[in-house]
file model-v1.cif (mmCIF, C-alpha atoms)
data_work
#
loop_
_atom_site.label_atom_id
_atom_site.label_comp_id
_atom_site.auth_asym_id
_atom_site.auth_seq_id
_atom_site.Cartn_x
_atom_site.Cartn_y
_atom_site.Cartn_z
CA MET A 1 8.86 22.06 -1.57
CA THR A 2 7.87 24.13 -4.60
CA LYS A 3 5.17 26.60 -3.65
CA VAL A 4 1.65 25.73 -4.78
CA THR A 5 0.74 27.97 -7.72
CA SER A 6 -1.77 27.98 -10.54
CA LYS A 7 -0.54 25.87 -13.43
CA THR A 8 -1.30 25.03 -17.02
CA LEU A 9 -0.17 21.53 -17.96
CA LYS A 10 0.34 21.95 -21.69
CA ASN A 11 0.43 19.14 -24.23
CA VAL A 12 -0.30 16.22 -21.91
CA ARG A 13 -2.24 13.03 -22.64
CA PRO A 14 -4.57 12.17 -19.74
CA MET A 15 -4.59 8.37 -19.30
CA GLY A 16 -2.90 8.00 -22.70
CA GLY A 17 -5.64 9.83 -24.61
CA PRO A 18 -5.29 12.70 -27.07
CA ALA A 19 -2.98 15.59 -26.20
CA THR A 20 -4.64 18.50 -24.43
CA ASP A 21 -4.06 21.18 -21.82
CA LEU A 22 -5.17 20.83 -18.19
CA TYR A 23 -5.47 23.61 -15.63
CA ILE A 24 -4.78 23.71 -11.91
CA ALA A 25 -5.81 26.28 -9.32
CA ASN A 26 -5.97 26.04 -5.53
CA GLY A 27 -4.63 22.50 -5.66
CA ALA A 28 -7.32 21.09 -7.94
CA PHE A 29 -8.06 20.67 -11.63
CA VAL A 30 -10.24 23.47 -13.00
CA ALA A 31 -12.08 24.00 -16.28
CA ASP A 32 -10.54 27.28 -17.37
CA PRO A 33 -6.98 28.63 -17.54
CA PRO A 34 -6.14 30.49 -14.30
CA GLU A 35 -4.83 33.99 -14.74
CA GLY A 36 -1.04 34.19 -14.51
CA ALA A 37 -0.63 30.42 -14.34
CA GLU A 38 2.78 28.80 -14.63
CA VAL A 39 2.95 26.88 -17.89
CA ILE A 40 4.53 23.41 -17.83
CA ASP A 41 5.04 21.71 -21.19
CA GLY A 42 4.36 18.01 -20.83
CA GLY A 43 5.97 17.23 -24.18
CA GLY A 44 3.14 14.90 -25.16
CA ARG A 45 3.73 12.62 -22.19
CA ILE A 46 0.99 10.61 -20.53
CA LEU A 47 -0.56 12.11 -17.39
CA ILE A 48 -1.94 9.74 -14.75
CA PRO A 49 -3.24 10.30 -11.21
CA GLY A 50 -0.82 9.85 -8.30
CA LEU A 51 0.31 6.29 -7.69
CA ILE A 52 -1.15 4.64 -4.59
CA GLU A 53 1.12 2.58 -2.33
CA ALA A 54 -1.59 0.74 -0.39
CA HIS A 55 0.51 -1.85 1.46
CA THR A 56 3.98 -1.16 2.79
CA HIS A 57 5.99 -0.96 6.02
CA LEU A 58 7.55 2.49 6.35
CA ASP A 59 8.99 1.88 9.81
CA LYS A 60 11.38 -0.92 8.94
CA SER A 61 13.23 -0.21 5.71
CA LEU A 62 17.04 -0.23 5.96
CA LEU A 63 17.46 2.46 3.30
CA GLY A 64 20.51 4.61 3.99
CA LEU A 65 22.08 2.08 6.36
CA PRO A 66 25.05 -0.22 5.69
CA TRP A 67 24.27 -3.41 3.83
CA TYR A 68 22.48 -5.94 6.02
CA ARG A 69 23.68 -9.53 5.60
CA ASN A 70 20.55 -11.68 5.63
CA GLU A 71 20.96 -15.13 7.17
CA VAL A 72 17.40 -15.50 8.47
CA GLY A 73 15.53 -18.83 8.56
CA PRO A 74 12.78 -19.64 6.05
CA ARG A 75 9.69 -19.46 8.27
CA LEU A 76 7.50 -16.41 8.79
CA ILE A 77 8.15 -16.52 12.53
CA ASP A 78 11.92 -16.62 11.88
CA LYS A 79 11.71 -13.33 10.02
CA ILE A 80 9.44 -11.72 12.60
CA ASN A 81 11.57 -12.72 15.59
CA ASN A 82 14.80 -11.73 13.86
CA GLU A 83 13.49 -8.33 12.85
CA ARG A 84 12.29 -7.54 16.36
CA GLU A 85 15.83 -8.08 17.71
CA VAL A 86 17.75 -6.53 14.81
CA LYS A 87 15.85 -3.26 15.15
CA VAL A 88 17.67 -2.89 18.47
CA SER A 89 21.14 -3.96 17.32
CA LEU A 90 20.97 -1.66 14.29
CA GLY A 91 19.57 1.23 16.29
CA LEU A 92 16.75 1.58 13.77
CA ASP A 93 15.03 4.97 14.01
CA PRO A 94 11.48 4.54 12.65
CA GLN A 95 11.09 8.26 11.97
CA VAL A 96 14.25 8.52 9.87
CA GLN A 97 13.65 5.23 8.06
CA SER A 98 10.01 6.01 7.32
CA GLU A 99 10.97 9.41 5.93
CA ARG A 100 13.63 7.87 3.69
CA HIS A 101 11.16 5.29 2.43
CA ALA A 102 8.37 7.82 1.84
CA ILE A 103 10.68 10.17 -0.08
CA LEU A 104 11.77 7.30 -2.34
CA ALA A 105 8.12 6.46 -3.03
CA MET A 106 7.39 10.12 -3.80
CA SER A 107 10.26 10.22 -6.31
CA HIS A 108 8.46 7.47 -8.25
CA GLY A 109 5.14 9.33 -8.26
CA CYS A 110 3.47 8.03 -5.13
CA THR A 111 1.07 10.53 -3.55
CA HIS A 112 -0.67 8.28 -0.99
CA ILE A 113 0.75 5.55 1.26
CA ARG A 114 -0.87 3.03 3.59
CA SER A 115 1.76 1.72 6.00
CA HIS A 116 1.48 -1.14 8.46
CA VAL A 117 3.51 -0.11 11.50
CA ASP A 118 4.65 -2.63 14.12
CA VAL A 119 3.16 -2.55 17.59
CA ASP A 120 4.66 -5.05 20.04
CA THR A 121 5.72 -5.41 23.66
CA HIS A 122 9.41 -5.20 22.70
CA HIS A 123 9.31 -1.79 21.03
CA GLY A 124 6.01 -0.46 22.30
CA LEU A 125 4.70 2.47 20.27
CA ALA A 126 8.08 3.65 18.94
CA GLY A 127 7.18 2.72 15.36
CA ILE A 128 3.80 4.44 15.53
CA GLU A 129 5.32 7.59 17.02
CA GLY A 130 8.06 7.62 14.37
CA VAL A 131 5.72 7.30 11.41
CA LEU A 132 3.30 9.83 12.92
CA ALA A 133 6.23 12.28 13.03
CA THR A 134 7.07 11.55 9.39
CA ARG A 135 3.43 12.00 8.40
CA GLU A 136 3.42 15.43 10.02
CA LYS A 137 6.80 16.39 8.52
CA LEU A 138 5.75 15.43 4.97
CA ALA A 139 2.19 16.76 5.22
CA GLY A 140 1.15 18.35 1.95
CA MET A 141 3.69 16.30 0.00
CA VAL A 142 2.32 12.80 0.57
CA ASP A 143 -0.68 11.45 2.50
CA ILE A 144 0.12 8.60 4.90
CA GLN A 145 -2.39 6.21 6.46
CA ILE A 146 -1.13 4.25 9.45
CA VAL A 147 -2.23 0.72 10.29
CA ALA A 148 -1.49 -0.37 13.86
CA PHE A 149 0.02 -3.77 13.07
CA PRO A 150 0.57 -6.51 15.70
CA GLN A 151 3.15 -8.37 13.62
CA SER A 152 4.46 -10.40 16.56
CA GLY A 153 0.95 -11.39 17.59
CA MET A 154 -1.49 -10.35 20.28
CA MET A 155 -2.62 -13.65 21.73
CA THR A 156 0.96 -14.93 21.94
CA ARG A 157 2.29 -11.71 23.49
CA PRO A 158 0.08 -10.45 26.34
CA GLY A 159 -0.04 -6.67 26.57
CA THR A 160 0.01 -6.12 22.81
CA ALA A 161 -3.75 -5.61 22.56
CA GLU A 162 -3.49 -2.80 25.11
CA LEU A 163 -0.69 -1.20 23.06
CA MET A 164 -2.85 -1.50 19.94
CA ASP A 165 -5.58 0.37 21.80
CA GLU A 166 -3.09 3.13 22.65
CA ALA A 167 -1.81 3.29 19.08
CA LEU A 168 -5.32 3.85 17.74
CA ALA A 169 -5.95 6.56 20.33
CA LEU A 170 -2.63 8.16 19.38
CA GLY A 171 -3.59 8.55 15.73
CA ALA A 172 -3.32 5.25 13.85
CA ASP A 173 -6.00 5.10 11.17
CA LEU A 174 -6.71 1.37 10.91
CA VAL A 175 -6.60 -1.81 12.97
CA GLY A 176 -4.23 -4.44 11.63
CA GLY A 177 -4.08 -8.16 12.17
CA ILE A 178 -2.03 -11.17 11.14
CA ASP A 179 -2.61 -14.87 10.40
CA PRO A 180 -5.19 -15.77 13.09
CA CYS A 181 -4.37 -19.48 12.87
CA GLY A 182 -0.82 -19.82 11.55
CA MET A 183 0.68 -17.04 13.66
CA GLU A 184 -1.64 -16.66 16.62
CA HIS A 185 -2.97 -20.23 16.96
CA ASP A 186 -6.16 -18.61 18.27
CA PRO A 187 -8.38 -17.40 15.43
CA LYS A 188 -11.31 -16.52 17.66
CA GLY A 189 -9.23 -14.61 20.18
CA HIS A 190 -7.25 -12.73 17.56
CA LEU A 191 -10.14 -11.74 15.32
CA ASP A 192 -12.44 -10.91 18.22
CA THR A 193 -9.75 -8.53 19.50
CA VAL A 194 -9.13 -6.93 16.10
CA PHE A 195 -12.80 -6.28 15.46
CA ALA A 196 -13.46 -5.15 19.03
CA LEU A 197 -10.74 -2.52 18.63
CA ALA A 198 -12.23 -1.48 15.30
CA GLU A 199 -15.68 -1.12 16.86
CA LYS A 200 -14.35 0.81 19.87
CA HIS A 201 -12.37 3.32 17.82
CA GLY A 202 -14.58 3.44 14.74
CA LYS A 203 -11.67 2.41 12.51
CA PRO A 204 -11.44 0.21 9.40
CA VAL A 205 -9.54 -3.10 9.42
CA ASP A 206 -6.66 -4.36 7.25
CA ILE A 207 -5.46 -7.90 8.05
CA HIS A 208 -2.34 -9.67 6.75
CA LEU A 209 -3.43 -13.14 5.65
CA HIS A 210 -0.50 -15.27 4.49
CA GLU A 211 -2.29 -18.54 5.30
CA ARG A 212 -2.79 -20.75 2.27
CA ASP A 213 -5.45 -23.12 0.99
CA ALA A 214 -8.01 -24.44 3.51
CA LEU A 215 -6.41 -22.75 6.52
CA GLY A 216 -6.62 -19.40 4.79
CA TRP A 217 -10.18 -20.07 3.66
CA PHE A 218 -11.19 -20.74 7.25
CA SER A 219 -9.64 -17.48 8.46
CA MET A 220 -11.19 -15.56 5.56
CA GLU A 221 -14.61 -16.92 6.42
CA GLU A 222 -14.13 -15.88 10.05
CA ILE A 223 -13.19 -12.37 8.86
CA ILE A 224 -16.32 -12.27 6.70
CA ASP A 225 -18.53 -13.38 9.61
CA ARG A 226 -17.28 -10.57 11.83
CA THR A 227 -17.56 -8.03 9.03
CA VAL A 228 -21.23 -8.93 8.62
CA ALA A 229 -21.94 -9.10 12.36
CA LEU A 230 -20.60 -5.56 12.93
CA GLY A 231 -22.00 -4.09 9.72
CA MET A 232 -18.47 -3.24 8.52
CA GLN A 233 -19.05 -3.91 4.84
CA GLY A 234 -16.74 -1.67 2.82
CA LYS A 235 -14.43 -1.11 5.79
CA VAL A 236 -12.40 -4.31 5.80
CA SER A 237 -9.36 -5.18 3.67
CA VAL A 238 -7.39 -8.41 3.48
CA SER A 239 -3.76 -8.05 2.47
CA HIS A 240 -1.86 -10.77 0.58
CA ALA A 241 -4.80 -13.22 0.60
CA PHE A 242 -2.62 -16.04 -0.71
CA CYS A 243 -5.49 -18.47 -0.13
CA LEU A 244 -7.35 -16.90 -3.05
CA GLY A 245 -4.60 -18.20 -5.32
CA ALA A 246 -5.31 -21.83 -4.38
CA VAL A 247 -5.59 -24.57 -7.00
CA ASP A 248 -9.19 -25.40 -6.01
CA ARG A 249 -10.80 -22.63 -8.06
CA ALA A 250 -14.36 -23.82 -7.38
CA TYR A 251 -14.02 -23.22 -3.66
CA VAL A 252 -12.21 -19.94 -4.24
CA ALA A 253 -14.98 -18.80 -6.58
CA GLY A 254 -17.60 -19.19 -3.87
CA LEU A 255 -15.40 -17.42 -1.33
CA GLN A 256 -14.79 -14.53 -3.72
CA GLU A 257 -18.50 -14.14 -4.35
CA THR A 258 -19.02 -13.76 -0.60
CA LEU A 259 -16.20 -11.22 -0.40
CA ALA A 260 -17.84 -9.24 -3.20
CA GLU A 261 -21.24 -9.41 -1.53
CA ASN A 262 -19.81 -7.95 1.67
CA ARG A 263 -17.52 -5.42 -0.02
CA ILE A 264 -14.32 -6.79 1.50
CA HIS A 265 -11.29 -5.42 -0.33
CA ILE A 266 -8.12 -7.23 -1.40
CA LEU A 267 -4.58 -5.82 -1.38
CA THR A 268 -1.93 -7.75 -3.28
CA THR A 269 1.85 -7.43 -3.31
CA ALA A 270 2.20 -9.89 -6.22
CA PRO A 271 5.13 -11.81 -4.71
CA ALA A 272 7.05 -14.23 -6.90
CA SER A 273 7.21 -16.88 -4.18
CA ALA A 274 3.55 -17.33 -3.20
CA PRO A 275 0.16 -17.91 -4.81
CA VAL A 276 -1.64 -14.64 -5.54
CA PRO A 277 -5.26 -13.54 -5.94
CA ALA A 278 -6.44 -13.64 -9.55
CA VAL A 279 -7.01 -9.96 -10.21
CA LYS A 280 -9.15 -10.48 -13.32
CA GLU A 281 -11.56 -12.61 -11.31
CA LEU A 282 -11.68 -9.98 -8.57
CA LYS A 283 -12.35 -7.26 -11.16
CA ALA A 284 -15.18 -9.27 -12.72
CA LEU A 285 -16.85 -9.59 -9.32
CA GLY A 286 -16.44 -5.90 -8.50
CA ILE A 287 -14.04 -6.55 -5.60
CA LEU A 288 -11.94 -3.46 -4.98
CA THR A 289 -8.28 -4.40 -5.40
CA GLY A 290 -5.22 -2.36 -4.51
CA ALA A 291 -1.52 -3.10 -4.29
CA GLY A 292 1.69 -2.28 -2.53
CA CYS A 293 5.41 -2.97 -2.52
CA ASP A 294 5.27 -4.51 0.99
CA GLY A 295 8.56 -4.23 2.91
CA ILE A 296 11.49 -2.98 0.84
CA ARG A 297 15.23 -3.34 1.53
CA ASP A 298 14.64 -4.65 5.06
CA THR A 299 15.63 -7.57 7.27
CA TRP A 300 13.13 -9.79 5.45
CA GLY A 301 14.74 -9.35 2.05
CA PRO A 302 17.02 -7.12 -0.02
CA TYR A 303 14.55 -6.33 -2.79
CA GLY A 304 12.22 -3.47 -3.63
CA ASN A 305 12.40 0.18 -4.63
CA SER A 306 8.91 1.50 -3.79
CA ASP A 307 8.00 2.03 -7.45
CA MET A 308 4.30 1.35 -7.98
CA LEU A 309 4.66 1.37 -11.78
CA GLU A 310 7.13 -1.49 -11.42
CA LYS A 311 4.67 -3.15 -9.04
CA ALA A 312 1.97 -2.87 -11.71
CA MET A 313 4.31 -4.74 -14.07
CA GLN A 314 4.85 -7.43 -11.43
CA ILE A 315 1.08 -7.79 -10.96
CA GLY A 316 0.82 -8.25 -14.70
CA MET A 317 3.55 -10.88 -14.75
CA ARG A 318 2.11 -12.85 -11.80
CA ASN A 319 -1.38 -12.80 -13.35
CA ASN A 320 -0.31 -13.50 -16.93
CA LEU A 321 -1.66 -10.13 -18.09
CA ARG A 322 -0.41 -9.66 -21.64
CA ARG A 323 -3.01 -7.69 -23.62
CA ASP A 324 -2.80 -3.91 -23.37
CA ASP A 325 -6.17 -3.71 -21.63
CA GLU A 326 -4.99 -6.30 -19.10
CA VAL A 327 -1.82 -4.34 -18.36
CA GLU A 328 -4.04 -1.29 -17.91
CA LEU A 329 -5.94 -3.28 -15.24
CA ALA A 330 -2.67 -3.72 -13.36
CA LEU A 331 -2.15 0.04 -13.46
CA GLU A 332 -5.73 0.62 -12.35
CA ILE A 333 -5.05 -1.52 -9.27
CA CYS A 334 -2.06 0.70 -8.42
CA THR A 335 -4.08 3.90 -8.91
CA PHE A 336 -7.87 3.98 -8.77
CA GLY A 337 -8.21 0.67 -6.91
CA GLY A 338 -5.86 1.61 -4.10
CA ALA A 339 -7.36 5.11 -3.91
CA ALA A 340 -10.87 3.71 -3.49
CA ILE A 341 -9.75 1.30 -0.76
CA MET A 342 -7.93 4.10 1.08
CA GLY A 343 -10.95 6.38 0.77
CA VAL A 344 -9.05 9.07 -1.13
CA GLU A 345 -11.45 11.89 -1.95
CA GLY A 346 -11.25 13.81 -5.21
CA TYR A 347 -8.98 11.29 -6.90
CA GLY A 348 -8.50 11.41 -10.66
CA LEU A 349 -7.90 13.87 -13.47
CA ASP A 350 -11.39 15.33 -13.86
CA VAL A 351 -12.29 18.93 -13.10
CA GLY A 352 -12.68 19.23 -9.33
CA CYS A 353 -10.23 16.41 -8.54
CA ARG A 354 -7.14 17.11 -6.48
CA ALA A 355 -4.13 17.80 -8.68
CA ASP A 356 -2.18 14.74 -7.54
CA CYS A 357 -0.65 13.47 -10.79
CA LEU A 358 2.49 12.54 -12.68
CA LEU A 359 3.91 12.49 -16.17
CA VAL A 360 5.02 9.07 -17.43
CA GLU A 361 6.94 8.01 -20.52
CA GLY A 362 5.42 5.86 -23.24
CA GLU A 363 3.12 5.78 -26.22
CA THR A 364 0.46 3.93 -24.22
CA LEU A 365 -0.38 3.14 -20.61
CA ALA A 366 0.86 -0.41 -21.12
CA GLU A 367 4.24 0.83 -22.33
CA ALA A 368 4.46 3.20 -19.37
CA VAL A 369 3.96 0.24 -17.03
CA VAL A 370 6.45 -2.13 -18.61
CA THR A 371 9.21 0.46 -19.09
CA HIS A 372 8.52 2.39 -15.85
CA ALA A 373 11.04 5.04 -16.85
CA PRO A 374 11.95 7.78 -14.33
CA ARG A 375 9.03 10.13 -13.77
CA LYS A 376 9.44 13.48 -15.51
CA LEU A 377 7.22 15.36 -13.05
CA VAL A 378 5.13 14.57 -9.98
CA LEU A 379 2.57 16.97 -8.51
CA LYS A 380 0.82 16.83 -5.15
CA GLY A 381 -2.06 19.28 -4.86
CA GLY A 382 -0.56 21.15 -7.80
CA ALA A 383 2.86 21.49 -6.16
CA VAL A 384 5.93 19.83 -7.66
CA ILE A 385 7.25 17.09 -5.37
CA ALA A 386 9.56 15.30 -7.82
CA ARG A 387 11.33 15.97 -11.13
CA ASP A 388 13.18 13.56 -13.39
CA GLY A 389 12.97 10.73 -10.89
CA ALA A 390 14.20 12.70 -7.87
CA CYS A 391 12.20 14.12 -5.00
CA VAL A 392 12.52 17.88 -4.47
CA ILE A 393 13.64 17.28 -0.87
CA GLU A 394 16.55 15.16 0.22
CA ALA A 395 16.23 12.13 2.47
CA PRO A 396 17.82 12.40 5.92
#

call {"tool": "encode", "arguments": {"input": "model-v1.cif", "output": "structure tokens"}}
result
Amino acid sequence: MTKVTSKTLKNVRPMGGPATDLYIANGAFVADPPEGAEVIDGGGRILIPGLIEAHTHLDKSLLGLPWYRNEVGPRLIDKINNEREVKVSLGLDPQVQSERHAILAMSHGCTHIRSHVDVDTHHGLAGIEGVLATREKLAGMVDIQIVAFPQSGMMTRPGTAELMDEALALGADLVGGIDPCGMEHDPKGHLDTVFALAEKHGKPVDIHLHERDALGWFSMEEIIDRTVALGMQGKVSVSHAFCLGAVDRAYVAGLQETLAENRIHILTTAPASAPVPAVKELKALGILTGAGCDGIRDTWGPYGNSDMLEKAMQIGMRNNLRRDDEVELALEICTFGGAAIMGVEGYGLDVGCRADCLLVEGETLAEAVVTHAPRKLVLKGGAVIARDGACVIEAP
């Protein structure tokens, strides 16, 4: 990695504003030009803070492996069961795959990643250990949060809760969960276990909720009840939250007001094949909203490239965001929103903020989102981690 040095970013346009010069010293933006600083000419490009990948699965991408022929059934459980077995037949190494995935994200300007990492009785803690190793290896180049994720279920697979406990003790940052009704068929048992682990370890919660309509509303209300009971306002996120995209907007409106009141965050992946939360409604209520690319190039599907600018465009398309200010909201979700949910300190372009930033092409922020051209330069703490769309280190 390029050594951290003092820098002057010349002729850049912070958040699409007027051209100016910005200064970096000791990994942060400073008010005055540092003595002997390296000068980088931004060429009038837009400068934005580092992109935030707030929902992905680093341990399971098939990047770098031969093409995987997908013949998996249509149900969620089909994909979960298949993946658990295929990891063995492919000899998937979660450290290598997570490093490949993280480096791809970095090449697109990602400086922070939240990854859900599988914990199950078939593979034990191999995924957690692999991503922990990648986090250590890439320290200083990208920050990685790890969610201990019981994708195969806890109630349906005895022994998983104990492995989750071990994963959190080992260094996982959050407690994950999945469809308390549709997957576990035991909403009380599942959510009681998730929140008990969170209370024991003092960790936040991030739950996958694919359940739709009334079933999803029920699970969401149960999540809210436990959040309130344990005083965990501001420490709980719900990923996907397809139930917030339901046709019955009156019921959803009341549910969203309760989410806002209890500071429960929403993370969207803006899939084309499912209802999605209405991000303008969430914004109006003050609900923190982030986004992620979910799984990319894995046994679930062949799509995805870990580009959060492209994800911002997809959020715009799924939410019918057409005005420039609306497209800017999509970008905000992939930057400031995700950063706030992940608790990133010193995020932004102001003096005193960490110098995690990237140069993007376009006259405006909206054009930068819709064209998502290769990133000219990406900095992490003032150090160059990517140039012209390529990371400065090679993937294994």

call {"tool": "residues_around", "arguments": {"input": "model-v1.cif", "residues": "Gln145 of chain A", "least_positions_apart": "3", "cutoff": "7 Å", "atoms": "all atoms listed in the file", "output": "count of residues only"}}
result
4

call {"tool": "residues_around", "arguments": {"input": "model-v1.cif", "residues": "Gly254 of chain A", "least_positions_apart": "6", "cutoff": "12 Å", "atoms": "all atoms listed in the file", "output": "PyMOL selection string"}}
result
chain A and resi 217+220-221+244+248+260-261+281-282+285

call {"tool": "axis_aligned_box", "arguments": {"input": "model-v1.cif", "around": "segment 197-200 of chain A", "padding_each_side": "8 Å", "output": "lines of an AutoDock Vina configuration file"}}
result
center_x = -13.2
center_y = -0.9
center_z = 17.6
size_x = 20.9
size_y = 19.3
size_z = 20.6

call {"tool": "resolve_selection", "arguments": {"input": "model-v1.cif", "expression": "the PyMOL selection byres ((chain A and resi 265-271) around 10)", "output": "number ranges by chain"}}
result
A: 54-56, 206-208, 233-242, 244, 259-260, 262-264, 272-279, 282, 286-295, 311-319, 333-334, 337-338, 340-341

call {"tool": "resolve_selection", "arguments": {"input": "model-v1.cif", "expression": "the PyMOL selection byres ((chain A and resi 213) around 9)", "output": "ChimeraX atom specification"}}
result
/A:211-212,214-218,242-248

call {"tool": "resolve_selection", "arguments": {"input": "model-v1.cif", "expression": "the PyMOL selection byres ((chain A and resi 51) around 12)", "output": "ChimeraX atom specification"}}
result
/A:47-50,52-54,105-114,142-143,290-293,306-312,330-339,344,347-348,356-360,369,375,378-380

call {"tool": "closest_residue", "arguments": {"input": "model-v1.cif", "among": "A:Ala198, A:Pro302, A:Val205, A:Val370", "to": "Tyr68 of chain A", "atoms": "all atoms listed in the file"}}
result
A:Pro302

call {"tool": "closest_residue", "arguments": {"input": "model-v1.cif", "among": "A:Glu326, A:Asp388, A:Glu162, A:Glu363", "to": "Pro18 of chain A", "atoms": "all atoms listed in the file"}}
result
A:Glu363

call {"tool": "residues_around", "arguments": {"input": "model-v1.cif", "residues": "Val131 of chain A", "least_positions_apart": "6", "cutoff": "12 Å", "atoms": "only C-alpha atoms", "output": "PDB file with C-alpha atoms, in the coordinates of the input"}}
result
ATOM      1  CA  HIS A  57       5.990  -0.960   6.020  1.00  0.00           C
ATOM      2  CA  LEU A  58       7.550   2.490   6.350  1.00  0.00           C
ATOM      3  CA  ASP A  59       8.990   1.880   9.810  1.00  0.00           C
ATOM      4  CA  LYS A  60      11.380  -0.920   8.940  1.00  0.00           C
ATOM      5  CA  ASP A  93      15.030   4.970  14.010  1.00  0.00           C
ATOM      6  CA  PRO A  94      11.480   4.540  12.650  1.00  0.00           C
ATOM      7  CA  GLN A  95      11.090   8.260  11.970  1.00  0.00           C
ATOM      8  CA  VAL A  96      14.250   8.520   9.870  1.00  0.00           C
ATOM      9  CA  GLN A  97      13.650   5.230   8.060  1.00  0.00           C
ATOM     10  CA  SER A  98      10.010   6.010   7.320  1.00  0.00           C
ATOM     11  CA  GLU A  99      10.970   9.410   5.930  1.00  0.00           C
ATOM     12  CA  ARG A 100      13.630   7.870   3.690  1.00  0.00           C
ATOM     13  CA  HIS A 101      11.160   5.290   2.430  1.00  0.00           C
ATOM     14  CA  ALA A 102       8.370   7.820   1.840  1.00  0.00           C
ATOM     15  CA  ILE A 113       0.750   5.550   1.260  1.00  0.00           C
ATOM     16  CA  ARG A 114      -0.870   3.030   3.590  1.00  0.00           C
ATOM     17  CA  SER A 115       1.760   1.720   6.000  1.00  0.00           C
ATOM     18  CA  HIS A 116       1.480  -1.140   8.460  1.00  0.00           C
ATOM     19  CA  VAL A 117       3.510  -0.110  11.500  1.00  0.00           C
ATOM     20  CA  ASP A 118       4.650  -2.630  14.120  1.00  0.00           C
ATOM     21  CA  VAL A 119       3.160  -2.550  17.590  1.00  0.00           C
ATOM     22  CA  LEU A 125       4.700   2.470  20.270  1.00  0.00           C
ATOM     23  CA  LYS A 137       6.800  16.390   8.520  1.00  0.00           C
ATOM     24  CA  LEU A 138       5.750  15.430   4.970  1.00  0.00           C
ATOM     25  CA  ALA A 139       2.190  16.760   5.220  1.00  0.00           C
ATOM     26  CA  ASP A 143      -0.680  11.450   2.500  1.00  0.00           C
ATOM     27  CA  ILE A 144       0.120   8.600   4.900  1.00  0.00           C
ATOM     28  CA  GLN A 145      -2.390   6.210   6.460  1.00  0.00           C
ATOM     29  CA  ILE A 146      -1.130   4.250   9.450  1.00  0.00           C
ATOM     30  CA  VAL A 147      -2.230   0.720  10.290  1.00  0.00           C
ATOM     31  CA  ALA A 148      -1.490  -0.370  13.860  1.00  0.00           C
ATOM     32  CA  ALA A 167      -1.810   3.290  19.080  1.00  0.00           C
ATOM     33  CA  LEU A 170      -2.630   8.160  19.380  1.00  0.00           C
ATOM     34  CA  GLY A 171      -3.590   8.550  15.730  1.00  0.00           C
ATOM     35  CA  ALA A 172      -3.320   5.250  13.850  1.00  0.00           C
ATOM     36  CA  ASP A 173      -6.000   5.100  11.170  1.00  0.00           C
TER      37      ASP A 173
END

call {"tool": "atom_distance", "arguments": {"input": "model-v1.cif", "atom1": "atom CA of Ala395 of chain A", "atom2": "atom CA of Leu168 of chain A"}}
result
27.7 Å

call {"tool": "atom_distance", "arguments": {"input": "model-v1.cif", "atom1": "atom CA of Val86 of chain A", "atom2": "atom CA of Gly153 of chain A"}}
result
17.7 Å

call {"tool": "residues_around", "arguments": {"input": "model-v1.cif", "residues": "His122 of chain A", "least_positions_apart": "2", "cutoff": "12 Å", "atoms": "all atoms listed in the file", "output": "JSON, numbers by chain"}}
result
{"A": [81, 83, 84, 85, 86, 87, 88, 118, 119, 120, 124, 125, 126, 127, 150, 151, 152, 153, 157, 158, 159, 160, 163]}

call {"tool": "atom_distance", "arguments": {"input": "model-v1.cif", "atom1": "atom CA of His185 of chain A", "atom2": "atom CA of Arg226 of chain A"}}
result
18.0 Å

call {"tool": "residues_around", "arguments": {"input": "model-v1.cif", "residues": "Leu76 of chain A", "least_positions_apart": "2", "cutoff": "10 Å", "atoms": "only C-alpha atoms", "output": "list in words"}}
result
Val72, Gly73, Pro74, Asp78, Lys79, Ile80, Asn81, Gly182, Met183, His210 and Trp300 of chain A

call {"tool": "write_last_selection", "arguments": {"input": "model-v1.cif", "atoms": "C-alpha atoms", "output": "PDB file, keeping the file's coordinate frame"}}
result
ATOM      1  CA  VAL A  72      17.400 -15.500   8.470  1.00  0.00           C
ATOM      2  CA  GLY A  73      15.530 -18.830   8.560  1.00  0.00           C
ATOM      3  CA  PRO A  74      12.780 -19.640   6.050  1.00  0.00           C
ATOM      4  CA  ASP A  78      11.920 -16.620  11.880  1.00  0.00           C
ATOM      5  CA  LYS A  79      11.710 -13.330  10.020  1.00  0.00           C
ATOM      6  CA  ILE A  80       9.440 -11.720  12.600  1.00  0.00           C
ATOM      7  CA  ASN A  81      11.570 -12.720  15.590  1.00  0.00           C
ATOM      8  CA  GLY A 182      -0.820 -19.820  11.550  1.00  0.00           C
ATOM      9  CA  MET A 183       0.680 -17.040  13.660  1.00  0.00           C
ATOM     10  CA  HIS A 210      -0.500 -15.270   4.490  1.00  0.00           C
ATOM     11  CA  TRP A 300      13.130  -9.790   5.450  1.00  0.00           C
TER      12      TRP A 300
END

call {"tool": "closest_residue", "arguments": {"input": "model-v1.cif", "among": "A:Asp350, A:Glu394, A:Glu367, A:Asp192", "to": "Phe29 of chain A", "atoms": "only C-alpha atoms"}}
result
A:Asp350

call {"tool": "closest_residue", "arguments": {"input": "model-v1.cif", "among": "A:Leu62, A:Ala28, A:Ile393, A:Ala386", "to": "Ile296 of chain A", "atoms": "only C-alpha atoms"}}
result
A:Leu62

call {"tool": "closest_residue", "arguments": {"input": "model-v1.cif", "among": "A:Ala31, A:Leu104, A:Gly189, A:Arg323", "to": "Arg297 of chain A", "atoms": "all atoms listed in the file"}}
result
A:Leu104
